$ cat upload.txt   # compact mmCIF, C-alpha atoms
# COMPACT_ATOMS: atom_id res chain seq x y z
CA MET A 864 -62.37 13.97 -30.29
CA PRO A 865 -65.33 12.59 -32.31
CA LEU A 866 -68.78 14.20 -32.28
CA PHE A 867 -71.78 12.50 -30.69
CA SER A 868 -73.20 12.13 -34.22
CA GLU A 869 -70.25 9.89 -35.10
CA LEU A 870 -70.66 7.40 -32.23
CA GLY A 871 -73.58 5.33 -33.54
CA LEU A 872 -76.22 6.39 -31.03
CA ALA A 873 -79.87 5.73 -31.87
CA ALA A 874 -81.46 8.65 -33.69
CA PRO A 875 -83.92 9.61 -30.89
CA ILE A 876 -81.13 9.58 -28.28
CA LEU A 877 -78.83 11.58 -30.56
CA LYS A 878 -81.60 14.12 -31.13
CA ALA A 879 -82.11 14.50 -27.36
CA VAL A 880 -78.36 15.03 -26.89
CA GLN A 881 -78.23 17.65 -29.62
CA GLU A 882 -81.30 19.46 -28.29
CA ALA A 883 -79.53 19.65 -24.93
CA GLY A 884 -76.73 21.50 -26.73
CA TYR A 885 -74.04 18.81 -26.54
CA GLU A 886 -71.84 18.09 -29.55
CA THR A 887 -68.51 16.79 -28.31
CA PRO A 888 -68.37 13.90 -25.82
CA SER A 889 -66.06 13.87 -22.82
CA PRO A 890 -63.16 11.36 -22.93
CA ILE A 891 -65.00 8.75 -20.83
CA GLN A 892 -68.04 9.06 -23.12
CA ALA A 893 -66.03 8.89 -26.34
CA LYS A 894 -64.25 5.71 -25.18
CA SER A 895 -67.23 3.93 -23.57
CA ILE A 896 -70.11 4.42 -25.99
CA ALA A 897 -68.88 2.19 -28.85
CA PRO A 898 -68.13 -0.96 -26.77
CA LEU A 899 -71.38 -0.56 -24.82
CA LEU A 900 -73.37 -0.25 -28.06
CA GLU A 901 -71.74 -3.53 -29.11
CA GLY A 902 -73.02 -5.15 -25.92
CA ARG A 903 -69.61 -5.61 -24.28
CA ASP A 904 -69.10 -5.52 -20.55
CA LEU A 905 -67.07 -2.51 -19.47
CA LEU A 906 -64.74 -1.50 -16.65
CA GLY A 907 -64.49 2.29 -16.48
CA GLN A 908 -62.17 4.26 -14.25
CA ALA A 909 -63.10 7.93 -13.97
CA GLN A 910 -63.66 10.55 -11.29
CA THR A 911 -67.01 12.13 -10.45
CA GLY A 912 -67.69 15.04 -12.79
CA THR A 913 -66.18 13.49 -15.93
CA GLY A 914 -69.55 12.68 -17.53
CA LYS A 915 -69.64 8.97 -16.77
CA THR A 916 -73.42 8.86 -16.24
CA ALA A 917 -73.97 9.83 -19.88
CA ALA A 918 -71.14 7.45 -20.84
CA PHE A 919 -73.29 4.48 -19.85
CA ALA A 920 -76.77 6.01 -20.15
CA LEU A 921 -76.59 7.10 -23.81
CA PRO A 922 -75.55 3.76 -25.31
CA LEU A 923 -77.78 1.74 -22.99
CA LEU A 924 -80.80 3.91 -23.74
CA SER A 925 -80.05 3.40 -27.42
CA ARG A 926 -80.43 -0.35 -26.83
CA ILE A 927 -83.65 -0.10 -24.81
CA ASN A 928 -86.87 -1.02 -26.56
CA PRO A 929 -89.26 1.86 -25.68
CA LYS A 930 -92.26 -0.31 -26.56
CA ALA A 931 -91.30 -2.90 -23.94
CA LYS A 932 -92.38 -1.31 -20.67
CA SER A 933 -90.92 -4.02 -18.42
CA PRO A 934 -87.68 -3.44 -16.44
CA GLN A 935 -84.54 -3.69 -18.55
CA MET A 936 -81.72 -1.83 -16.76
CA LEU A 937 -80.66 -1.62 -13.11
CA VAL A 938 -78.25 1.06 -11.86
CA LEU A 939 -76.74 0.61 -8.39
CA ALA A 940 -75.39 3.70 -6.59
CA PRO A 941 -73.79 3.86 -3.13
CA THR A 942 -75.61 6.93 -1.78
CA ARG A 943 -79.09 8.39 -1.96
CA GLU A 944 -77.82 11.69 -3.37
CA LEU A 945 -75.90 10.01 -6.17
CA ALA A 946 -78.89 7.82 -7.08
CA ILE A 947 -81.11 10.92 -7.35
CA GLN A 948 -78.44 12.68 -9.40
CA VAL A 949 -78.23 9.75 -11.84
CA GLU A 950 -82.01 9.56 -12.18
CA ASP A 951 -82.21 13.30 -12.89
CA GLU A 952 -79.73 12.82 -15.75
CA PHE A 953 -81.71 9.88 -17.14
CA ARG A 954 -84.88 11.97 -17.14
CA SER A 955 -83.16 14.83 -18.98
CA MET A 956 -81.82 12.44 -21.64
CA THR A 957 -85.14 10.67 -22.26
CA LYS A 958 -87.52 13.63 -22.26
CA GLY A 959 -90.22 12.98 -24.85
CA LEU A 960 -88.87 9.53 -25.80
CA GLY A 961 -91.50 7.42 -24.04
CA MET A 962 -88.96 5.83 -21.70
CA SER A 963 -89.49 5.61 -17.96
CA SER A 964 -87.14 5.52 -14.99
CA ALA A 965 -87.55 5.51 -11.22
CA VAL A 966 -85.28 5.87 -8.20
CA PHE A 967 -85.54 3.86 -4.96
CA ILE A 968 -83.52 4.92 -1.94
CA GLY A 969 -83.58 4.62 1.84
CA GLY A 970 -85.11 7.35 3.95
CA THR A 971 -88.24 7.61 1.79
CA ASN A 972 -91.75 6.16 2.10
CA ILE A 973 -91.54 2.55 0.97
CA ARG A 974 -95.29 2.48 0.27
CA LYS A 975 -94.71 5.02 -2.50
CA ASP A 976 -91.96 2.80 -3.89
CA ILE A 977 -94.29 -0.19 -3.92
CA SER A 978 -96.97 1.85 -5.68
CA GLN A 979 -94.45 3.12 -8.23
CA LEU A 980 -93.18 -0.39 -8.98
CA ARG A 981 -96.69 -1.49 -9.92
CA ARG A 982 -96.18 0.74 -12.96
CA ASP A 983 -93.51 -0.89 -15.10
CA GLN A 984 -90.28 1.11 -15.26
CA GLN A 985 -87.64 0.39 -17.89
CA VAL A 986 -84.77 1.79 -15.82
CA ILE A 987 -84.47 1.33 -12.06
CA ILE A 988 -81.86 3.30 -10.10
CA GLY A 989 -81.31 2.73 -6.42
CA THR A 990 -79.19 2.09 -3.37
CA PRO A 991 -78.49 -1.55 -2.45
CA GLY A 992 -80.33 -1.59 0.88
CA ARG A 993 -83.64 -0.26 -0.42
CA LEU A 994 -83.55 -2.46 -3.53
CA LEU A 995 -83.00 -5.60 -1.43
CA ASP A 996 -85.83 -4.52 0.89
CA LEU A 997 -88.11 -4.43 -2.16
CA VAL A 998 -86.78 -7.84 -3.28
CA ASP A 999 -87.47 -9.32 0.16
CA ARG A 1000 -91.03 -7.98 0.00
CA ARG A 1001 -91.36 -9.69 -3.42
CA ILE A 1002 -92.16 -6.38 -5.04
CA LEU A 1003 -89.02 -6.22 -7.19
CA ASP A 1004 -87.92 -9.19 -9.30
CA MET A 1005 -84.24 -9.02 -10.25
CA LYS A 1006 -84.69 -11.72 -12.88
CA LYS A 1007 -86.46 -9.18 -15.09
CA PHE A 1008 -83.30 -7.13 -15.63
CA ASN A 1009 -80.70 -7.99 -18.25
CA THR A 1010 -78.37 -4.99 -17.76
CA LEU A 1011 -76.53 -3.93 -14.60
CA VAL A 1012 -74.55 -0.74 -13.94
CA LEU A 1013 -72.42 -0.50 -10.80
CA ASP A 1014 -71.69 3.19 -10.28
CA GLU A 1015 -68.98 4.42 -7.88
CA PHE A 1016 -68.03 0.79 -7.18
CA ASP A 1017 -65.10 1.64 -4.91
CA ARG A 1018 -67.34 3.77 -2.72
CA MET A 1019 -69.90 0.98 -2.59
CA LEU A 1020 -67.26 -1.36 -1.19
CA ASP A 1021 -65.91 1.29 1.21
CA MET A 1022 -69.40 1.71 2.62
CA GLY A 1023 -69.76 -2.02 3.31
CA PHE A 1024 -72.16 -2.95 0.51
CA VAL A 1025 -70.10 -5.85 -0.86
CA HIS A 1026 -72.49 -8.55 0.40
CA ASP A 1027 -75.54 -6.62 -0.82
CA VAL A 1028 -73.95 -6.20 -4.25
CA LYS A 1029 -73.10 -9.91 -4.44
CA ARG A 1030 -76.66 -10.84 -3.50
CA ILE A 1031 -78.20 -8.50 -6.08
CA ILE A 1032 -75.92 -9.93 -8.77
CA ALA A 1033 -76.86 -13.49 -7.73
CA GLU A 1034 -80.56 -12.57 -8.02
CA MET A 1035 -80.08 -11.27 -11.58
CA LYS A 1036 -80.36 -14.66 -13.30
CA ASN A 1037 -80.83 -13.13 -16.77
CA ARG A 1038 -78.04 -10.56 -16.57
CA ASN A 1039 -76.08 -10.47 -19.84
CA HIS A 1040 -74.58 -6.97 -19.88
CA THR A 1041 -72.67 -5.39 -17.01
CA MET A 1042 -70.60 -2.26 -16.55
CA LEU A 1043 -68.67 -1.12 -13.52
CA PHE A 1044 -67.43 2.42 -12.93
CA SER A 1045 -64.96 3.30 -10.20
CA ALA A 1046 -62.79 6.29 -9.35
CA THR A 1047 -60.07 3.99 -7.99
CA LEU A 1048 -59.15 0.38 -8.65
CA ASP A 1049 -57.62 -1.66 -5.85
CA LYS A 1050 -55.83 -4.94 -6.57
CA LYS A 1051 -57.81 -6.47 -3.70
CA GLN A 1052 -61.00 -5.86 -5.73
CA GLN A 1053 -59.74 -7.64 -8.84
CA SER A 1054 -61.06 -11.13 -8.11
CA LEU A 1055 -64.50 -9.70 -7.32
CA ILE A 1056 -64.46 -7.62 -10.51
CA ASP A 1057 -63.41 -10.68 -12.53
CA ASN A 1058 -66.44 -12.54 -11.19
CA ILE A 1059 -68.76 -9.69 -12.14
CA LEU A 1060 -67.49 -8.80 -15.64
CA THR A 1061 -66.91 -11.03 -18.66
CA ASP A 1062 -64.12 -10.04 -21.07
CA PRO A 1063 -64.73 -6.33 -20.41
CA ALA A 1064 -63.58 -3.37 -22.44
CA ILE A 1065 -61.32 -1.36 -20.12
CA VAL A 1066 -61.57 2.44 -20.21
CA LYS A 1067 -59.39 4.63 -18.00
CA VAL A 1068 -59.49 8.39 -18.18
CA SER A 1069 -58.32 11.24 -16.00
CA THR A 1070 -60.04 14.58 -15.71
CA GLY A 1071 -57.53 15.86 -18.25
CA ALA A 1072 -54.93 17.10 -15.79
CA MET A 1073 -53.33 16.12 -12.54
CA THR A 1074 -55.03 17.25 -9.34
CA SER A 1075 -52.13 19.54 -8.54
CA ASP A 1076 -52.66 21.42 -11.82
CA HIS A 1077 -56.13 22.54 -10.73
CA ILE A 1078 -56.12 22.49 -6.95
CA ASN A 1079 -53.97 24.17 -4.35
CA GLN A 1080 -53.69 21.85 -1.36
CA GLU A 1081 -52.60 23.06 2.04
CA VAL A 1082 -52.27 21.49 5.47
CA ILE A 1083 -52.80 23.98 8.29
CA ARG A 1084 -51.22 22.96 11.59
CA LEU A 1085 -52.33 25.00 14.60
CA SER A 1086 -50.46 25.38 17.84
CA PRO A 1087 -52.29 24.24 21.00
CA ASP A 1088 -53.02 27.82 22.06
CA VAL A 1089 -54.98 28.62 18.86
CA ASN A 1090 -58.76 28.07 18.85
CA LYS A 1091 -59.49 25.95 15.77
CA LEU A 1092 -63.09 27.12 15.37
CA ASN A 1093 -62.16 30.79 15.59
CA TYR A 1094 -59.39 30.22 13.05
CA LEU A 1095 -61.90 28.55 10.68
CA ILE A 1096 -64.40 31.41 11.10
CA ASP A 1097 -61.74 34.03 10.38
CA MET A 1098 -60.69 32.10 7.29
CA LEU A 1099 -64.27 31.70 5.99
CA GLN A 1100 -64.79 35.45 6.15
CA GLY A 1101 -62.34 35.89 3.27
CA GLU A 1102 -64.01 37.01 0.02
CA GLU A 1103 -62.57 34.05 -1.90
CA PHE A 1104 -64.49 31.52 0.25
CA GLU A 1105 -67.64 31.72 -1.85
CA LYS A 1106 -68.85 28.10 -1.88
CA VAL A 1107 -67.32 25.85 0.76
CA LEU A 1108 -67.73 22.14 1.48
CA ILE A 1109 -66.52 21.15 4.97
CA PHE A 1110 -66.03 17.53 6.02
CA ASP A 1111 -66.13 16.44 9.65
CA GLU A 1112 -65.72 12.95 11.08
CA ALA A 1113 -69.02 12.16 12.79
CA LYS A 1114 -72.69 13.10 12.61
CA HIS A 1115 -72.79 14.86 16.00
CA ARG A 1116 -69.65 16.84 15.11
CA VAL A 1117 -71.22 17.90 11.81
CA ASN A 1118 -74.34 19.15 13.61
CA ARG A 1119 -72.29 21.00 16.21
CA LEU A 1120 -70.02 22.69 13.66
CA CYS A 1121 -72.97 23.70 11.47
CA ASP A 1122 -74.76 25.25 14.46
CA LYS A 1123 -71.65 27.22 15.44
CA LEU A 1124 -71.20 28.52 11.89
CA LYS A 1125 -74.84 29.65 11.82
CA LYS A 1126 -74.34 31.48 15.13
CA ALA A 1127 -71.37 33.19 13.50
CA LYS A 1128 -73.84 34.50 10.85
CA PHE A 1129 -72.78 32.20 8.00
CA LYS A 1130 -75.40 30.73 5.65
CA ALA A 1131 -74.78 27.05 6.31
CA ASP A 1132 -76.52 23.68 6.35
CA CYS A 1133 -75.44 20.08 6.84
CA ILE A 1134 -76.00 16.53 5.61
CA HIS A 1135 -75.33 13.19 7.29
CA GLY A 1136 -76.92 9.78 7.70
CA ASN A 1137 -79.29 10.75 10.51
CA LYS A 1138 -80.95 13.49 8.44
CA THR A 1139 -84.16 12.65 6.58
CA GLN A 1140 -83.81 12.30 2.85
CA ASN A 1141 -85.85 15.46 2.28
CA ALA A 1142 -83.59 17.44 4.60
CA ARG A 1143 -80.46 16.11 2.90
CA GLN A 1144 -81.78 16.86 -0.56
CA ASN A 1145 -82.96 20.35 0.40
CA ALA A 1146 -79.57 21.19 1.90
CA LEU A 1147 -77.78 19.92 -1.20
CA GLU A 1148 -80.08 21.88 -3.54
CA LYS A 1149 -79.51 25.08 -1.56
CA PHE A 1150 -75.77 24.53 -1.81
CA LYS A 1151 -75.90 23.83 -5.55
CA LYS A 1152 -77.99 26.96 -6.19
CA GLY A 1153 -75.76 29.17 -4.05
CA ASN A 1154 -78.45 29.88 -1.46
CA ILE A 1155 -76.03 28.86 1.27
CA GLN A 1156 -72.29 29.46 1.41
CA ILE A 1157 -71.26 26.41 3.44
CA LEU A 1158 -72.30 22.76 3.43
CA VAL A 1159 -70.98 20.66 6.34
CA ALA A 1160 -71.06 16.90 5.75
CA THR A 1161 -69.78 13.55 6.80
CA ASP A 1162 -67.61 11.96 4.13
CA VAL A 1163 -70.04 9.07 3.60
CA ALA A 1164 -73.08 11.34 3.08
CA ALA A 1165 -71.31 13.45 0.45
CA ARG A 1166 -69.75 10.65 -1.59
CA GLY A 1167 -70.35 10.80 -5.29
CA ILE A 1168 -71.95 14.25 -5.21
CA ASP A 1169 -71.06 16.41 -8.19
CA VAL A 1170 -71.42 20.10 -7.33
CA SER A 1171 -69.96 22.72 -9.63
CA ASP A 1172 -68.24 25.96 -8.60
CA VAL A 1173 -67.06 24.78 -5.18
CA THR A 1174 -64.26 27.15 -4.27
CA HIS A 1175 -62.91 25.37 -1.19
CA VAL A 1176 -63.05 21.90 0.37
CA ILE A 1177 -62.00 21.75 4.01
CA ASN A 1178 -61.30 18.61 6.04
CA TYR A 1179 -61.99 19.84 9.57
CA VAL A 1180 -60.09 17.19 11.55

$ encode --input "upload.txt" --output "structure tokens"
Amino acid sequence: MPLFSELGLAAPILKAVQEAGYETPSPIQAKSIAPLLEGRDLLGQAQTGTGKTAAFALPLLSRINPKAKSPQMLVLAPTRELAIQVEDEFRSMTKGLGMSSAVFIGGTNIRKDISQLRRDQQVIIGTPGRLLDLVDRRILDMKKFNTLVLDEFDRMLDMGFVHDVKRIIAEMKNRNHTMLFSATLDKKQQSLIDNILTDPAIVKVSTGAMTSDHINQEVIRLSPDVNKLNYLIDMLQGEEFEKVLIFDEAKHRVNRLCDKLKKAKFKADCIHGNKTQNARQNALEKFKKGNIQILVATDVAARGIDVSDVTHVINYV
């Protein structure tokens, strides 16, 4: 595996990477940086947690002109949490470099977004719905961007954003550099991908091992006379259940399960689409920091979230 110093990154970006203590790139970074520095479109297949944000951010930031304060790069993410996560990484990589980024997501005060857009940002990160709202208000001009990143593309399509994505792409009249990252690639998506990318470099990496090498998976079937909630509570009291993510099917079910776990004296919180953005972010931060043991979520709300040290993931269906 090459070192970051051998990948041709701009000196200020390389310095920022080294100051952060990174020397060896992950596989997705090692394979993506060179073609992106050359200006090629790229199709990357990699799971969350493999370092793909840095895989596109480092080479693209190396190509940004810090003296030109106008928008240059647009990053589309399917969920609010993922957009915030990406923007946090951009900020950490550009500290002290005179580059600016901003994130625009639903569930926040749009007046603040409008005020923020009056100050030119070189990198814009956001969810499709909020970005199109800003376009419709004539606050955001997609023609200013030349670079587009589609992050977690499969999730974007699963969540019904295909028409929003197509419209954003159509608005980007001066787009000349595009990259698309997806955890899975479906043959049904191929014609759409072909219309988005031009002669792309194709990078496919795994996390380094098969899922079964790292994760024990178990299906628990309960007989009709067993109370499912009581069974879950008994299980969660085991010492090994230190940091648990529980998925339930609907928002009202998530709320109900979270309330019952709290009554059972567990430190728990929940996230779903009806929660305010502040509430969702606070719950996620508490979970990341270990201030709560259990986070209950709908699948859609938790998509793309990268949280380390999760000991158990439970599908409560």

$ residues_around --input "upload.txt" --residues "region 991-1003 of chain A" --least-positions-apart "3" --cutoff "8 Å" --atoms "all atoms listed in the file" --output "ChimeraX atom specification"
/A:939-941,967-969,977,980,1024,1027-1028,1031

$ closest_residue --input "upload.txt" --among "A:Thr942, A:Asp951, A:Leu1108, A:Asp1088" --to "Met1022 (chain A)" --atoms "all atoms listed in the file"
A:Thr942

$ closest_residue --input "upload.txt" --among "A:Gly989, A:Pro890, A:Gly907, A:Gly902" --to "Val1066 (chain A)" --atoms "only C-alpha atoms"
A:Gly907

$ closest_residue --input "upload.txt" --among "A:Arg981, A:Arg1030, A:Lys915, A:Lys1149" --to "Ser1045 (chain A)" --atoms "all atoms listed in the file"
A:Lys915

$ residues_around --input "upload.txt" --residues "Thr1041 (chain A)" --least-positions-apart "5" --cutoff "8 Å" --atoms "only C-alpha atoms" --output "list in words"
Arg903, Asp904, Leu905, Thr1010, Leu1011, Val1012, Leu1013, Ile1059 and Leu1060 of chain A

$ closest_residue --input "upload.txt" --among "A:Thr1174, A:Met864, A:Ala1146, A:Leu1120" --to "Lys1091 (chain A)" --atoms "all atoms listed in the file"
A:Leu1120

$ closest_residue --input "upload.txt" --among "A:Asp1132, A:Glu944, A:Glu1103, A:Glu952" --to "Ile1157 (chain A)" --atoms "only C-alpha atoms"
A:Asp1132

$ atom_distance --input "upload.txt" --atom1 "CA of Ala873 (chain A)" --atom2 "CA of Ser925 (chain A)"
5.0 Å

$ atom_distance --input "upload.txt" --atom1 "CA of Ala1064 (chain A)" --atom2 "CA of Gly914 (chain A)"
17.8 Å

$ axis_aligned_box --input "upload.txt" --around "region 1049-1056 of chain A" --padding-each-side "4 Å" --output "JSON"
{"center_x": -60.2, "center_y": -6.4, "center_z": -7.1, "size_x": 16.7, "size_y": 17.5, "size_z": 14.8}

$ atom_distance --input "upload.txt" --atom1 "CA of Ser955 (chain A)" --atom2 "CA of Leu1158 (chain A)"
26.1 Å

$ residues_around --input "upload.txt" --residues "Leu921 (chain A)" --least-positions-apart "3" --cutoff "12 Å" --atoms "all atoms listed in the file" --output "ChimeraX atom specification"
/A:867,870-880,888,892-893,895-897,899-900,914-918,924-927,952-957

$ write_last_selection --input "upload.txt" --atoms "C-alpha atoms" --output "PDB file, in the coordinates of the input"
ATOM      1  CA  PHE A 867     -71.780  12.500 -30.690  1.00  0.00           C
ATOM      2  CA  LEU A 870     -70.660   7.400 -32.230  1.00  0.00           C
ATOM      3  CA  GLY A 871     -73.580   5.330 -33.540  1.00  0.00           C
ATOM      4  CA  LEU A 872     -76.220   6.390 -31.030  1.00  0.00           C
ATOM      5  CA  ALA A 873     -79.870   5.730 -31.870  1.00  0.00           C
ATOM      6  CA  ALA A 874     -81.460   8.650 -33.690  1.00  0.00           C
ATOM      7  CA  PRO A 875     -83.920   9.610 -30.890  1.00  0.00           C
ATOM      8  CA  ILE A 876     -81.130   9.580 -28.280  1.00  0.00           C
ATOM      9  CA  LEU A 877     -78.830  11.580 -30.560  1.00  0.00           C
ATOM     10  CA  LYS A 878     -81.600  14.120 -31.130  1.00  0.00           C
ATOM     11  CA  ALA A 879     -82.110  14.500 -27.360  1.00  0.00           C
ATOM     12  CA  VAL A 880     -78.360  15.030 -26.890  1.00  0.00           C
ATOM     13  CA  PRO A 888     -68.370  13.900 -25.820  1.00  0.00           C
ATOM     14  CA  GLN A 892     -68.040   9.060 -23.120  1.00  0.00           C
ATOM     15  CA  ALA A 893     -66.030   8.890 -26.340  1.00  0.00           C
ATOM     16  CA  SER A 895     -67.230   3.930 -23.570  1.00  0.00           C
ATOM     17  CA  ILE A 896     -70.110   4.420 -25.990  1.00  0.00           C
ATOM     18  CA  ALA A 897     -68.880   2.190 -28.850  1.00  0.00           C
ATOM     19  CA  LEU A 899     -71.380  -0.560 -24.820  1.00  0.00           C
ATOM     20  CA  LEU A 900     -73.370  -0.250 -28.060  1.00  0.00           C
ATOM     21  CA  GLY A 914     -69.550  12.680 -17.530  1.00  0.00           C
ATOM     22  CA  LYS A 915     -69.640   8.970 -16.770  1.00  0.00           C
ATOM     23  CA  THR A 916     -73.420   8.860 -16.240  1.00  0.00           C
ATOM     24  CA  ALA A 917     -73.970   9.830 -19.880  1.00  0.00           C
ATOM     25  CA  ALA A 918     -71.140   7.450 -20.840  1.00  0.00           C
ATOM     26  CA  LEU A 924     -80.800   3.910 -23.740  1.00  0.00           C
ATOM     27  CA  SER A 925     -80.050   3.400 -27.420  1.00  0.00           C
ATOM     28  CA  ARG A 926     -80.430  -0.350 -26.830  1.00  0.00           C
ATOM     29  CA  ILE A 927     -83.650  -0.100 -24.810  1.00  0.00           C
ATOM     30  CA  GLU A 952     -79.730  12.820 -15.750  1.00  0.00           C
ATOM     31  CA  PHE A 953     -81.710   9.880 -17.140  1.00  0.00           C
ATOM     32  CA  ARG A 954     -84.880  11.970 -17.140  1.00  0.00           C
ATOM     33  CA  SER A 955     -83.160  14.830 -18.980  1.00  0.00           C
ATOM     34  CA  MET A 956     -81.820  12.440 -21.640  1.00  0.00           C
ATOM     35  CA  THR A 957     -85.140  10.670 -22.260  1.00  0.00           C
TER      36      THR A 957
END

$ closest_residue --input "upload.txt" --among "A:Asp1017, A:Ala931, A:Gly1023, A:Val1068" --to "Leu1043 (chain A)" --atoms "only C-alpha atoms"
A:Asp1017

$ build_atoms --input "upload.txt" --residues "region 1022-1029 of chain A" --atoms "all heavy atoms" --output "compact mmCIF listing (two decimals), in the coordinates of the input"
# COMPACT_ATOMS: atom_id res chain seq x y z
N MET A 1022 -68.25 1.51 1.74
CA MET A 1022 -69.40 1.71 2.62
C MET A 1022 -70.00 0.39 3.12
O MET A 1022 -71.03 0.36 3.79
CB MET A 1022 -70.47 2.53 1.89
CG MET A 1022 -70.02 3.95 1.61
SD MET A 1022 -71.16 4.88 0.55
CE MET A 1022 -72.57 5.05 1.65
N GLY A 1023 -69.34 -0.73 2.78
CA GLY A 1023 -69.76 -2.02 3.31
C GLY A 1023 -70.88 -2.71 2.56
O GLY A 1023 -71.57 -3.57 3.13
N PHE A 1024 -71.06 -2.37 1.28
CA PHE A 1024 -72.16 -2.95 0.51
C PHE A 1024 -71.76 -4.20 -0.27
O PHE A 1024 -72.53 -4.66 -1.12
CB PHE A 1024 -72.71 -1.92 -0.48
CG PHE A 1024 -73.52 -0.82 0.16
CD1 PHE A 1024 -73.29 0.51 -0.15
CD2 PHE A 1024 -74.51 -1.11 1.07
CE1 PHE A 1024 -74.03 1.52 0.43
CE2 PHE A 1024 -75.27 -0.11 1.67
CZ PHE A 1024 -75.02 1.21 1.34
N VAL A 1025 -70.57 -4.75 -0.01
CA VAL A 1025 -70.10 -5.85 -0.86
C VAL A 1025 -71.06 -7.03 -0.84
O VAL A 1025 -71.34 -7.63 -1.89
CB VAL A 1025 -68.66 -6.27 -0.45
CG1 VAL A 1025 -68.59 -6.78 0.98
CG2 VAL A 1025 -68.13 -7.31 -1.43
N HIS A 1026 -71.59 -7.39 0.33
CA HIS A 1026 -72.49 -8.55 0.40
C HIS A 1026 -73.83 -8.24 -0.28
O HIS A 1026 -74.42 -9.12 -0.93
CB HIS A 1026 -72.70 -8.98 1.85
CG HIS A 1026 -71.44 -9.46 2.52
ND1 HIS A 1026 -70.74 -10.56 2.07
CD2 HIS A 1026 -70.74 -8.95 3.57
CE1 HIS A 1026 -69.68 -10.74 2.83
NE2 HIS A 1026 -69.64 -9.77 3.74
N ASP A 1027 -74.31 -7.02 -0.14
CA ASP A 1027 -75.54 -6.62 -0.82
C ASP A 1027 -75.36 -6.68 -2.33
O ASP A 1027 -76.25 -7.15 -3.06
CB ASP A 1027 -75.94 -5.19 -0.42
CG ASP A 1027 -76.46 -5.11 1.01
OD1 ASP A 1027 -76.69 -6.18 1.62
OD2 ASP A 1027 -76.64 -3.99 1.51
N VAL A 1028 -74.22 -6.19 -2.81
CA VAL A 1028 -73.95 -6.20 -4.25
C VAL A 1028 -73.89 -7.64 -4.76
O VAL A 1028 -74.48 -7.97 -5.80
CB VAL A 1028 -72.63 -5.46 -4.56
CG1 VAL A 1028 -72.21 -5.69 -6.02
CG2 VAL A 1028 -72.78 -3.97 -4.30
N LYS A 1029 -73.20 -8.50 -4.03
CA LYS A 1029 -73.10 -9.91 -4.44
C LYS A 1029 -74.48 -10.56 -4.49
O LYS A 1029 -74.77 -11.35 -5.41
CB LYS A 1029 -72.20 -10.68 -3.47
CG LYS A 1029 -70.72 -10.38 -3.63
CD LYS A 1029 -69.90 -11.20 -2.63
CE LYS A 1029 -68.41 -10.98 -2.81
NZ LYS A 1029 -67.61 -11.75 -1.82
